[in-house]
file input.cif (mmCIF, C-alpha atoms and all ligand atoms)
data_input
#
loop_
_atom_site.label_atom_id
_atom_site.label_comp_id
_atom_site.auth_asym_id
_atom_site.auth_seq_id
_atom_site.Cartn_x
_atom_site.Cartn_y
_atom_site.Cartn_z
CA MET G 1 4.88 12.70 -16.40
CA LEU G 2 8.02 10.62 -16.03
CA ALA G 3 7.15 7.01 -16.83
CA ILE G 4 4.52 4.28 -17.13
CA SER G 5 5.49 0.83 -15.88
CA THR G 6 3.72 -2.54 -15.86
CA ALA G 7 3.55 -4.54 -12.63
CA PRO G 8 4.73 -8.14 -13.00
CA LYS G 9 2.78 -10.94 -11.32
CA GLY G 10 4.27 -12.76 -8.35
CA VAL G 11 3.34 -14.65 -5.20
CA GLU G 12 3.63 -13.48 -1.59
CA GLY G 13 3.53 -15.18 1.82
CA GLU G 14 2.28 -18.75 1.61
CA GLY G 15 1.39 -18.30 -2.05
CA PHE G 16 -1.22 -15.57 -2.62
CA PRO G 17 -1.11 -13.83 -6.00
CA VAL G 18 0.19 -10.25 -6.16
CA ARG G 19 1.25 -7.66 -8.69
CA ARG G 20 4.47 -5.80 -7.81
CA ALA G 21 3.22 -2.27 -8.47
CA PHE G 22 6.58 -0.45 -8.11
CA TYR G 23 8.71 -2.92 -10.05
CA GLY G 24 11.42 -1.31 -12.20
CA LEU G 25 11.05 2.20 -10.75
CA ASP G 26 13.91 4.08 -9.18
CA GLN G 27 13.83 4.50 -5.40
CA GLN G 28 14.14 8.27 -5.85
CA VAL G 29 10.90 8.39 -7.86
CA LEU G 30 9.10 6.38 -5.15
CA ASP G 31 10.47 8.07 -1.99
CA PRO G 32 8.86 8.07 0.68
CA PHE G 33 7.32 4.78 -0.50
CA ILE G 34 9.29 1.55 -0.63
CA HIS G 35 7.09 -1.16 -2.05
CA MET G 36 3.49 -1.84 -3.09
CA ASP G 37 1.66 -5.07 -3.87
CA GLN G 38 -1.79 -5.33 -5.40
CA MET G 39 -3.06 -8.47 -3.61
CA GLY G 40 -5.33 -10.31 -6.03
CA GLU G 41 -7.78 -9.58 -7.44
CA VAL G 42 -8.53 -13.27 -7.14
CA GLU G 43 -11.68 -15.38 -6.77
CA TYR G 44 -10.63 -18.21 -4.45
CA GLY G 45 -12.27 -21.64 -4.37
CA PRO G 46 -12.97 -23.37 -1.02
CA GLY G 47 -9.71 -24.07 0.86
CA GLU G 48 -7.61 -21.88 -1.44
CA PRO G 49 -7.18 -18.55 0.43
CA LYS G 50 -3.64 -18.00 1.71
CA GLY G 51 -1.78 -15.54 3.91
CA THR G 52 1.64 -15.18 5.50
CA ALA G 53 3.50 -17.02 8.25
CA TRP G 54 4.66 -15.06 11.34
CA HIS G 55 7.31 -12.54 10.28
CA PRO G 56 8.99 -9.36 11.59
CA HIS G 57 9.15 -5.73 10.38
CA ARG G 58 11.30 -2.78 11.46
CA GLY G 59 11.93 0.75 10.26
CA PHE G 60 8.81 1.52 8.23
CA GLU G 61 4.97 1.24 8.04
CA THR G 62 2.76 -1.31 6.33
CA VAL G 63 -0.54 0.02 4.99
CA THR G 64 -3.10 -2.65 4.15
CA TYR G 65 -6.19 -1.52 2.25
CA MET G 66 -8.73 -4.30 1.70
CA ILE G 67 -11.07 -3.53 -1.19
CA ASP G 68 -12.87 -6.91 -1.24
CA GLY G 69 -12.51 -9.71 1.28
CA THR G 70 -10.96 -9.95 4.73
CA PHE G 71 -7.47 -10.21 6.21
CA GLN G 72 -7.02 -11.23 9.84
CA HIS G 73 -3.93 -10.09 11.67
CA GLN G 74 -2.26 -10.73 15.00
CA ASP G 75 1.01 -9.41 16.42
CA SER G 76 3.58 -9.78 19.16
CA THR G 77 2.24 -6.81 21.17
CA GLY G 78 -1.09 -8.60 21.68
CA GLY G 79 -2.85 -6.61 18.96
CA GLY G 80 -5.08 -8.21 16.37
CA GLY G 81 -8.28 -7.89 14.40
CA LEU G 82 -9.92 -7.94 11.01
CA ILE G 83 -9.32 -5.70 8.00
CA THR G 84 -12.36 -5.97 5.81
CA ASN G 85 -14.19 -4.55 2.74
CA GLY G 86 -12.90 -1.00 2.36
CA ALA G 87 -10.96 -0.75 5.64
CA THR G 88 -7.32 0.27 5.98
CA GLN G 89 -4.87 -0.84 8.63
CA TRP G 90 -1.97 1.57 8.97
CA MET G 91 0.67 -0.25 11.00
CA THR G 92 3.79 1.56 12.16
CA ALA G 93 6.31 -1.23 12.69
CA GLY G 94 8.87 1.28 14.01
CA ALA G 95 11.39 -0.35 16.35
CA GLY G 96 10.08 -3.81 15.52
CA ILE G 97 7.09 -6.12 15.59
CA LEU G 98 6.21 -9.71 14.69
CA HIS G 99 2.92 -10.33 12.94
CA ILE G 100 0.86 -12.68 10.81
CA GLU G 101 -1.61 -11.72 8.06
CA ARG G 102 -4.07 -14.27 6.70
CA PRO G 103 -7.71 -14.75 5.73
CA PRO G 104 -9.89 -15.88 8.68
CA GLU G 105 -10.67 -19.62 8.96
CA ALA G 106 -14.27 -19.20 7.75
CA LEU G 107 -13.06 -17.48 4.59
CA ILE G 108 -10.37 -20.11 3.98
CA ALA G 109 -13.14 -22.72 4.15
CA SER G 110 -15.58 -20.88 1.90
CA GLY G 111 -13.23 -19.16 -0.55
CA GLY G 112 -14.38 -15.93 -2.19
CA LEU G 113 -13.19 -12.64 -3.64
CA PHE G 114 -9.91 -11.23 -2.30
CA HIS G 115 -8.54 -7.87 -3.45
CA GLY G 116 -6.40 -5.32 -1.65
CA ILE G 117 -3.24 -3.30 -1.49
CA GLN G 118 -0.24 -3.46 0.78
CA LEU G 119 1.90 -0.35 0.66
CA TRP G 120 5.19 0.10 2.53
CA VAL G 121 5.83 3.67 3.72
CA ASN G 122 9.36 4.52 4.83
CA LEU G 123 10.09 6.27 8.12
CA PRO G 124 12.80 8.92 8.48
CA ALA G 125 15.81 7.96 10.66
CA ASP G 126 14.35 9.95 13.60
CA ASN G 127 11.16 7.82 13.59
CA LYS G 128 12.55 4.34 12.84
CA TRP G 129 12.76 3.47 16.56
CA THR G 130 9.26 4.67 17.46
CA PRO G 131 7.10 2.09 19.32
CA PRO G 132 4.72 0.07 17.08
CA ARG G 133 1.31 1.70 16.51
CA TYR G 134 -1.90 0.88 14.67
CA GLN G 135 -4.46 3.04 12.97
CA ASP G 136 -7.62 1.15 12.03
CA ILE G 137 -9.40 3.21 9.42
CA GLY G 138 -12.85 1.76 8.73
CA ALA G 139 -14.46 2.22 5.30
CA GLY G 140 -16.91 4.69 6.87
CA ARG G 141 -14.12 6.98 8.10
CA VAL G 142 -12.54 7.85 4.74
CA THR G 143 -13.21 11.35 3.43
CA LEU G 144 -15.51 11.11 0.39
CA LEU G 145 -15.18 13.74 -2.34
CA ALA G 146 -16.72 14.15 -5.78
CA SER G 147 -15.01 15.80 -8.74
CA HIS G 148 -16.54 19.06 -10.03
CA ASP G 149 -18.68 17.28 -12.69
CA GLY G 150 -19.55 14.33 -10.46
CA GLY G 151 -17.69 11.92 -12.75
CA ALA G 152 -15.24 10.75 -10.11
CA LEU G 153 -15.56 9.61 -6.50
CA LEU G 154 -12.52 10.02 -4.25
CA ARG G 155 -11.90 8.23 -0.96
CA VAL G 156 -9.14 10.08 0.91
CA ILE G 157 -7.50 7.56 3.26
CA ALA G 158 -4.62 9.70 4.51
CA GLY G 159 -3.20 13.15 3.99
CA GLU G 160 -4.94 15.96 2.18
CA ILE G 161 -6.32 16.68 -1.27
CA ALA G 162 -7.59 20.14 -2.29
CA GLY G 163 -7.91 21.14 1.36
CA HIS G 164 -9.83 18.01 2.41
CA GLN G 165 -8.12 15.90 5.06
CA GLY G 166 -8.30 12.11 5.26
CA PRO G 167 -8.29 10.21 8.58
CA GLY G 168 -4.85 8.55 8.36
CA VAL G 169 -2.05 10.16 10.38
CA THR G 170 1.39 9.98 8.77
CA HIS G 171 4.93 10.62 10.06
CA THR G 172 5.91 12.58 6.94
CA PRO G 173 3.56 14.44 4.56
CA ILE G 174 1.73 11.88 2.37
CA SER G 175 -1.55 11.73 0.43
CA LEU G 176 -3.26 8.42 -0.31
CA LEU G 177 -6.61 8.06 -2.05
CA HIS G 178 -8.71 5.58 -4.02
CA ALA G 179 -10.47 7.13 -7.02
CA THR G 180 -13.34 5.66 -9.03
CA VAL G 181 -13.73 7.43 -12.39
CA ASN G 182 -16.86 6.90 -14.51
CA PRO G 183 -16.46 5.91 -18.19
CA GLY G 184 -15.61 9.01 -20.25
CA ALA G 185 -15.01 11.22 -17.20
CA GLU G 186 -11.92 13.32 -16.51
CA LEU G 187 -10.19 13.87 -13.19
CA ARG G 188 -7.73 16.68 -12.47
CA LEU G 189 -6.13 16.67 -9.02
CA PRO G 190 -4.17 19.59 -7.62
CA TRP G 191 -0.95 18.16 -6.24
CA ARG G 192 1.67 19.61 -3.90
CA ARG G 193 4.79 20.71 -5.73
CA ASP G 194 7.07 19.09 -3.17
CA PHE G 195 5.30 15.69 -3.49
CA ASN G 196 6.08 12.92 -5.90
CA GLY G 197 2.95 11.51 -7.54
CA LEU G 198 2.03 7.91 -8.41
CA VAL G 199 -1.13 6.59 -10.06
CA TYR G 200 -1.70 2.82 -10.03
CA VAL G 201 -4.58 1.31 -12.04
CA LEU G 202 -6.44 -1.30 -9.96
CA ALA G 203 -8.93 -2.01 -12.76
CA GLY G 204 -10.04 -0.53 -16.06
CA ARG G 205 -8.57 1.57 -18.85
CA GLY G 206 -7.90 5.24 -19.41
CA THR G 207 -5.26 7.86 -20.12
CA VAL G 208 -2.88 9.85 -17.91
CA GLY G 209 -1.04 13.15 -18.19
CA ALA G 210 -1.26 16.12 -20.52
CA ARG G 211 -0.38 13.91 -23.51
CA ARG G 212 -3.10 11.39 -22.62
CA ALA G 213 -0.87 8.33 -22.57
CA PRO G 214 -2.91 5.09 -22.45
CA ILE G 215 -2.87 3.21 -19.14
CA ARG G 216 -4.64 0.05 -18.02
CA SER G 217 -5.09 -2.36 -15.13
CA GLY G 218 -1.76 -3.27 -13.47
CA GLN G 219 0.12 -0.21 -14.73
CA LEU G 220 1.63 2.66 -12.75
CA ALA G 221 2.25 6.24 -13.88
CA ALA G 222 4.95 8.26 -12.10
CA PHE G 223 4.54 12.05 -12.12
CA GLY G 224 7.35 14.53 -11.55
CA ALA G 225 7.52 17.49 -9.19
CA GLY G 226 5.00 20.20 -10.01
CA ASP G 227 2.80 18.10 -12.32
CA VAL G 228 -0.97 18.28 -12.05
CA ILE G 229 -2.31 14.73 -11.86
CA SER G 230 -4.77 14.43 -14.74
CA LEU G 231 -6.60 11.32 -15.95
CA THR G 232 -9.45 10.24 -18.15
CA ALA G 233 -11.44 6.99 -18.12
CA ASP G 234 -12.07 5.32 -21.48
CA LEU G 235 -15.72 5.29 -22.60
CA THR G 236 -15.62 1.50 -22.83
CA GLN G 237 -14.53 -0.46 -19.76
CA GLU G 238 -14.23 -4.15 -18.89
CA SER G 239 -17.57 -5.70 -17.91
CA ARG G 240 -16.18 -7.01 -14.58
CA SER G 241 -15.20 -3.45 -13.59
CA PRO G 242 -17.51 -0.79 -15.06
CA ASN G 243 -15.29 2.13 -13.91
CA LEU G 244 -11.63 3.08 -13.88
CA GLU G 245 -10.32 2.27 -10.38
CA LEU G 246 -7.13 4.01 -9.29
CA LEU G 247 -4.90 4.35 -6.30
CA VAL G 248 -3.34 7.82 -6.21
CA LEU G 249 -0.47 8.43 -3.81
CA GLY G 250 2.39 10.78 -3.22
CA GLY G 251 4.50 12.32 -0.56
CA GLN G 252 7.42 14.48 0.38
CA PRO G 253 10.63 12.56 -0.32
CA ILE G 254 12.55 11.66 2.86
CA GLY G 255 15.83 11.90 0.98
CA GLU G 256 17.83 9.59 3.25
CA PRO G 257 19.83 6.47 2.25
CA VAL G 258 17.66 3.33 2.12
CA ALA G 259 19.04 -0.03 3.27
CA TRP G 260 16.24 -2.51 2.56
CA TYR G 261 16.43 -6.25 2.89
CA GLY G 262 13.38 -8.52 3.24
CA PRO G 263 11.13 -7.24 6.07
CA PHE G 264 13.49 -4.48 7.31
CA VAL G 265 13.97 -0.96 5.94
CA MET G 266 16.82 0.93 7.59
CA ASN G 267 19.40 3.59 6.65
CA THR G 268 22.62 1.54 6.80
CA HIS G 269 23.85 -2.05 6.33
CA GLU G 270 24.93 -2.10 9.98
CA GLU G 271 21.34 -1.35 11.05
CA LEU G 272 20.10 -4.17 8.79
CA ALA G 273 22.57 -6.63 10.36
CA GLN G 274 21.39 -5.47 13.79
CA ALA G 275 17.75 -5.99 12.75
CA PHE G 276 18.41 -9.62 11.74
CA ASP G 277 20.34 -10.18 14.98
CA ASP G 278 17.59 -8.58 17.12
CA PHE G 279 14.96 -10.71 15.35
CA ARG G 280 16.95 -13.93 15.98
CA ARG G 281 17.31 -13.02 19.66
CA GLY G 282 13.58 -12.34 20.08
CA ARG G 283 14.04 -8.59 20.61
CA MET G 284 11.27 -7.74 18.14
CA GLY G 285 8.80 -9.67 20.27
CA THR G 286 7.61 -13.25 20.38
CA ILE G 287 4.59 -15.11 19.02
CA PRO G 288 1.79 -14.89 21.65
CA ALA G 289 0.81 -18.11 23.43
CA ALA G 290 -2.72 -17.98 21.95
CA HIS G 291 -2.06 -17.38 18.31
CA ILE G 292 -3.49 -17.94 14.87
CA GLY G 293 -1.64 -19.68 12.07
CA ASN G 294 1.67 -21.48 12.23
MN MN G 301 3.89 -8.11 7.16
#

call {"tool": "encode", "arguments": {"input": "input.cif", "output": "structure tokens"}}
result
Amino acid sequence: MLAISTAPKGVEGEGFPVRRAFYGLDQQVLDPFIHMDQMGEVEYGPGEPKGTAWHPHRGFETVTYMIDGTFQHQDSTGGGGLITNGATQWMTAGAGILHIERPPEALIASGGLFHGIQLWVNLPADNKWTPPRYQDIGAGRVTLLASHDGGALLRVIAGEIAGHQGPGVTHTPISLLHATVNPGAELRLPWRRDFNGLVYVLAGRGTVGARRAPIRSGQLAAFGAGDVISLTADLTQESRSPNLELLVLGGQPIGEPVAWYGPFVMNTHEELAQAFDDFRRGRMGTIPAAHIGN
């Protein structure tokens, strides 16, 4: 194992609380991933839920996994819908898209629990100009697996683990899963040698790696090439989360230069300048006439 980092707290969009899961880690350790926010977990009062304004993306994919609560989205291609309670939206921004992400009006009025992940997956140069595409992966479509002793439940969202394929289709080889590990249980995951490996703790306490380094909610462990991903859940957990909840992800590094600024992830500074210019000129699409939000 290479490192354990702690995600600082921040705010995103119009002011919803996040933890910056990848903060402080080298791009090379993260490749093919760019960025990850844990959204919440937060219990909103009435009127408090917040989202984003309309904004563009180009050159990568946004993966939104809602664990509790609902996000509503709408985009410049006429797409839209709800991401709710265990569902994942895998959006390929590709050549460019404008979208808005916010809780639906009824949820803004009522408040409630809001907890999810937004992961940014880079696209190789050959795929950066692909047309935008959605994959809506409902909670019922994930591949459910149990560990050999039944102490851990795995939800494979995309890619493959131990020969079991998840529903998400990716442009480069990636595995993404949500694991729930019972108190005292151990989880050992076979992992491709050519993949990096990242374990982010959504809730709870445990240990990671052969040396059993302690890890807790809001921390990320980065594994090196060829490591087996091994974890244990502490016998005693927080009362609000009886199990150790983890996001486990990895992929084959793309190995290309990354030029990232704001909502655009390209290969060169020239392509970034072009992205800002194209956005200003409306070439990434326009806000539909019948639209939500501002
Ligand atoms: Mn967005």

call {"tool": "closest_residue", "arguments": {"input": "input.cif", "among": "G:Arg133, G:Pro104, G:Asn127, G:Gly262", "to": "ligand MN 301 (chain G)", "atoms": "all atoms listed in the file"}}
result
G:Gly262

call {"tool": "residues_near_ligand", "arguments": {"input": "input.cif", "ligand": "ligand MN 301 (chain G)", "cutoff": "8 Å", "atoms": "all atoms listed in the file", "output": "PyMOL selection string"}}
result
chain G and resi 52+55-57+62+99-101+263

call {"tool": "atom_distance", "arguments": {"input": "input.cif", "atom1": "CA of Ala93 in chain G", "atom2": "CA of Gly81 in chain G"}}
result
16.1 Å

call {"tool": "closest_atom_pairs", "arguments": {"input": "input.cif", "of": "range 3-117 of chain G", "to": "range 138-154 of chain G", "cutoff": "10 Å", "atoms": "only C-alpha atoms", "output": "CSV"}}
result
residue,atom,partner,partner_atom,distance
G:Tyr65,CA,G:Ala139,CA,9.6
G:Met66,CA,G:Ala139,CA,9.4
G:Ile67,CA,G:Ala139,CA,9.3
G:Ile83,CA,G:Gly138,CA,8.3
G:Thr84,CA,G:Gly138,CA,8.3
G:Asn85,CA,G:Ala139,CA,7.2
G:Gly86,CA,G:Ala139,CA,4.6
G:Ala87,CA,G:Gly138,CA,4.4
G:Thr88,CA,G:Gly138,CA,6.4
G:Gln89,CA,G:Gly138,CA,8.4

call {"tool": "closest_residue", "arguments": {"input": "input.cif", "among": "G:Trp191, G:Phe264, G:Phe16, G:Phe22", "to": "Lys128 in chain G", "atoms": "only C-alpha atoms"}}
result
G:Phe264

call {"tool": "closest_residue", "arguments": {"input": "input.cif", "among": "G:Thr6, G:Pro288, G:Glu43, G:Gly96", "to": "Arg216 in chain G", "atoms": "only C-alpha atoms"}}
result
G:Thr6

call {"tool": "residues_around", "arguments": {"input": "input.cif", "residues": "Phe114 in chain G", "least_positions_apart": "5", "cutoff": "7 Å", "atoms": "all atoms listed in the file", "output": "list in words"}}
result
Gly40, Glu41, Val42, Glu43, Asp68 and Gly69 of chain G

call {"tool": "write_last_selection", "arguments": {"input": "input.cif", "atoms": "C-alpha atoms", "output": "PDB file, keeping the file's coordinate frame"}}
result
ATOM      1  CA  GLY G  40      -5.330 -10.310  -6.030  1.00  0.00           C
ATOM      2  CA  GLU G  41      -7.780  -9.580  -7.440  1.00  0.00           C
ATOM      3  CA  VAL G  42      -8.530 -13.270  -7.140  1.00  0.00           C
ATOM      4  CA  GLU G  43     -11.680 -15.380  -6.770  1.00  0.00           C
ATOM      5  CA  ASP G  68     -12.870  -6.910  -1.240  1.00  0.00           C
ATOM      6  CA  GLY G  69     -12.510  -9.710   1.280  1.00  0.00           C
TER       7      GLY G  69
END

call {"tool": "closest_residue", "arguments": {"input": "input.cif", "among": "G:Glu186, G:Ala222, G:Pro214, G:His178", "to": "Glu245 in chain G", "atoms": "only C-alpha atoms"}}
result
G:His178

call {"tool": "closest_residue", "arguments": {"input": "input.cif", "among": "G:Trp90, G:Ala95, G:Leu107, G:Asp277", "to": "Pro167 in chain G", "atoms": "all atoms listed in the file"}}
result
G:Trp90

call {"tool": "atom_distance", "arguments": {"input": "input.cif", "atom1": "CA of Thr286 in chain G", "atom2": "CA of Ser76 in chain G"}}
result
5.5 Å

call {"tool": "residues_near_point", "arguments": {"input": "input.cif", "point": "(12.1, 12.7, -9.0)", "cutoff": "7 Å", "atoms": "all atoms listed in the file", "output": "PyMOL selection string"}}
result
chain G and resi 28-29+196+224-225

call {"tool": "closest_residue", "arguments": {"input": "input.cif", "among": "G:Val169, G:Ile4, G:Leu249, G:Ala106", "to": "Ile215 in chain G", "atoms": "all atoms listed in the file"}}
result
G:Ile4

call {"tool": "residues_around", "arguments": {"input": "input.cif", "residues": "range 198-203 of chain G", "least_positions_apart": "5", "cutoff": "8 Å", "atoms": "all atoms listed in the file", "output": "list in words"}}
result
Ala21, Leu30, Gln38, Ile215, Arg216, Ser217, Gly218, Gln219, Leu220, Ala221, Ala222, Phe223, Ser241, Asn243, Leu244, Glu245, Leu246, Leu247, Val248, Leu249 and Gly250 of chain G

call {"tool": "write_last_selection", "arguments": {"input": "input.cif", "atoms": "C-alpha atoms", "output": "PDB file, keeping the file's coordinate frame"}}
result
ATOM      1  CA  ALA G  21       3.220  -2.270  -8.470  1.00  0.00           C
ATOM      2  CA  LEU G  30       9.100   6.380  -5.150  1.00  0.00           C
ATOM      3  CA  GLN G  38      -1.790  -5.330  -5.400  1.00  0.00           C
ATOM      4  CA  ILE G 215      -2.870   3.210 -19.140  1.00  0.00           C
ATOM      5  CA  ARG G 216      -4.640   0.050 -18.020  1.00  0.00           C
ATOM      6  CA  SER G 217      -5.090  -2.360 -15.130  1.00  0.00           C
ATOM      7  CA  GLY G 218      -1.760  -3.270 -13.470  1.00  0.00           C
ATOM      8  CA  GLN G 219       0.120  -0.210 -14.730  1.00  0.00           C
ATOM      9  CA  LEU G 220       1.630   2.660 -12.750  1.00  0.00           C
ATOM     10  CA  ALA G 221       2.250   6.240 -13.880  1.00  0.00           C
ATOM     11  CA  ALA G 222       4.950   8.260 -12.100  1.00  0.00           C
ATOM     12  CA  PHE G 223       4.540  12.050 -12.120  1.00  0.00           C
ATOM     13  CA  SER G 241     -15.200  -3.450 -13.590  1.00  0.00           C
ATOM     14  CA  ASN G 243     -15.290   2.130 -13.910  1.00  0.00           C
ATOM     15  CA  LEU G 244     -11.630   3.080 -13.880  1.00  0.00           C
ATOM     16  CA  GLU G 245     -10.320   2.270 -10.380  1.00  0.00           C
ATOM     17  CA  LEU G 246      -7.130   4.010  -9.290  1.00  0.00           C
ATOM     18  CA  LEU G 247      -4.900   4.350  -6.300  1.00  0.00           C
ATOM     19  CA  VAL G 248      -3.340   7.820  -6.210  1.00  0.00           C
ATOM     20  CA  LEU G 249      -0.470   8.430  -3.810  1.00  0.00           C
ATOM     21  CA  GLY G 250       2.390  10.780  -3.220  1.00  0.00           C
TER      22      GLY G 250
END

call {"tool": "atom_distance", "arguments": {"input": "input.cif", "atom1": "CA of Ile174 in chain G", "atom2": "CA of Thr207 in chain G"}}
result
23.9 Å

call {"tool": "residues_around", "arguments": {"input": "input.cif", "residues": "Tyr23 in chain G", "least_positions_apart": "6", "cutoff": "8 Å", "atoms": "only C-alpha atoms", "output": "PyMOL selection string"}}
result
chain G and resi 5-8

call {"tool": "residues_near_point", "arguments": {"input": "input.cif", "point": "(-5.0, 11.9, -2.0)", "cutoff": "7 Å", "atoms": "all atoms listed in the file", "output": "ChimeraX atom specification"}}
result
/G:156,158-161,175-177,248-249

call {"tool": "write_last_selection", "arguments": {"input": "input.cif", "atoms": "C-alpha atoms", "output": "PDB file, in the coordinates of the input"}}
result
ATOM      1  CA  VAL G 156      -9.140  10.080   0.910  1.00  0.00           C
ATOM      2  CA  ALA G 158      -4.620   9.700   4.510  1.00  0.00           C
ATOM      3  CA  GLY G 159      -3.200  13.150   3.990  1.00  0.00           C
ATOM      4  CA  GLU G 160      -4.940  15.960   2.180  1.00  0.00           C
ATOM      5  CA  ILE G 161      -6.320  16.680  -1.270  1.00  0.00           C
ATOM      6  CA  SER G 175      -1.550  11.730   0.430  1.00  0.00           C
ATOM      7  CA  LEU G 176      -3.260   8.420  -0.310  1.00  0.00           C
ATOM      8  CA  LEU G 177      -6.610   8.060  -2.050  1.00  0.00           C
ATOM      9  CA  VAL G 248      -3.340   7.820  -6.210  1.00  0.00           C
ATOM     10  CA  LEU G 249      -0.470   8.430  -3.810  1.00  0.00           C
TER      11      LEU G 249
END

call {"tool": "closest_atom_pairs", "arguments": {"input": "input.cif", "of": "range 61-140 of chain G", "to": "range 45-49 of chain G", "cutoff": "8 Å", "atoms": "all atoms listed in the file", "output": "Markdown table"}}
result
| residue | atom | partner | partner_atom | distance |
| --- | --- | --- | --- | --- |
| G:Pro103 | CA | G:Pro49 | CA | 6.5 |
| G:Leu107 | CA | G:Pro49 | CA | 7.3 |
| G:Ile108 | CA | G:Pro49 | CA | 5.0 |
| G:Ala109 | CA | G:Gly47 | CA | 4.9 |
| G:Ser110 | CA | G:Pro46 | CA | 4.6 |
| G:Gly111 | CA | G:Pro46 | CA | 4.2 |
| G:Gly112 | CA | G:Gly45 | CA | 6.5 |
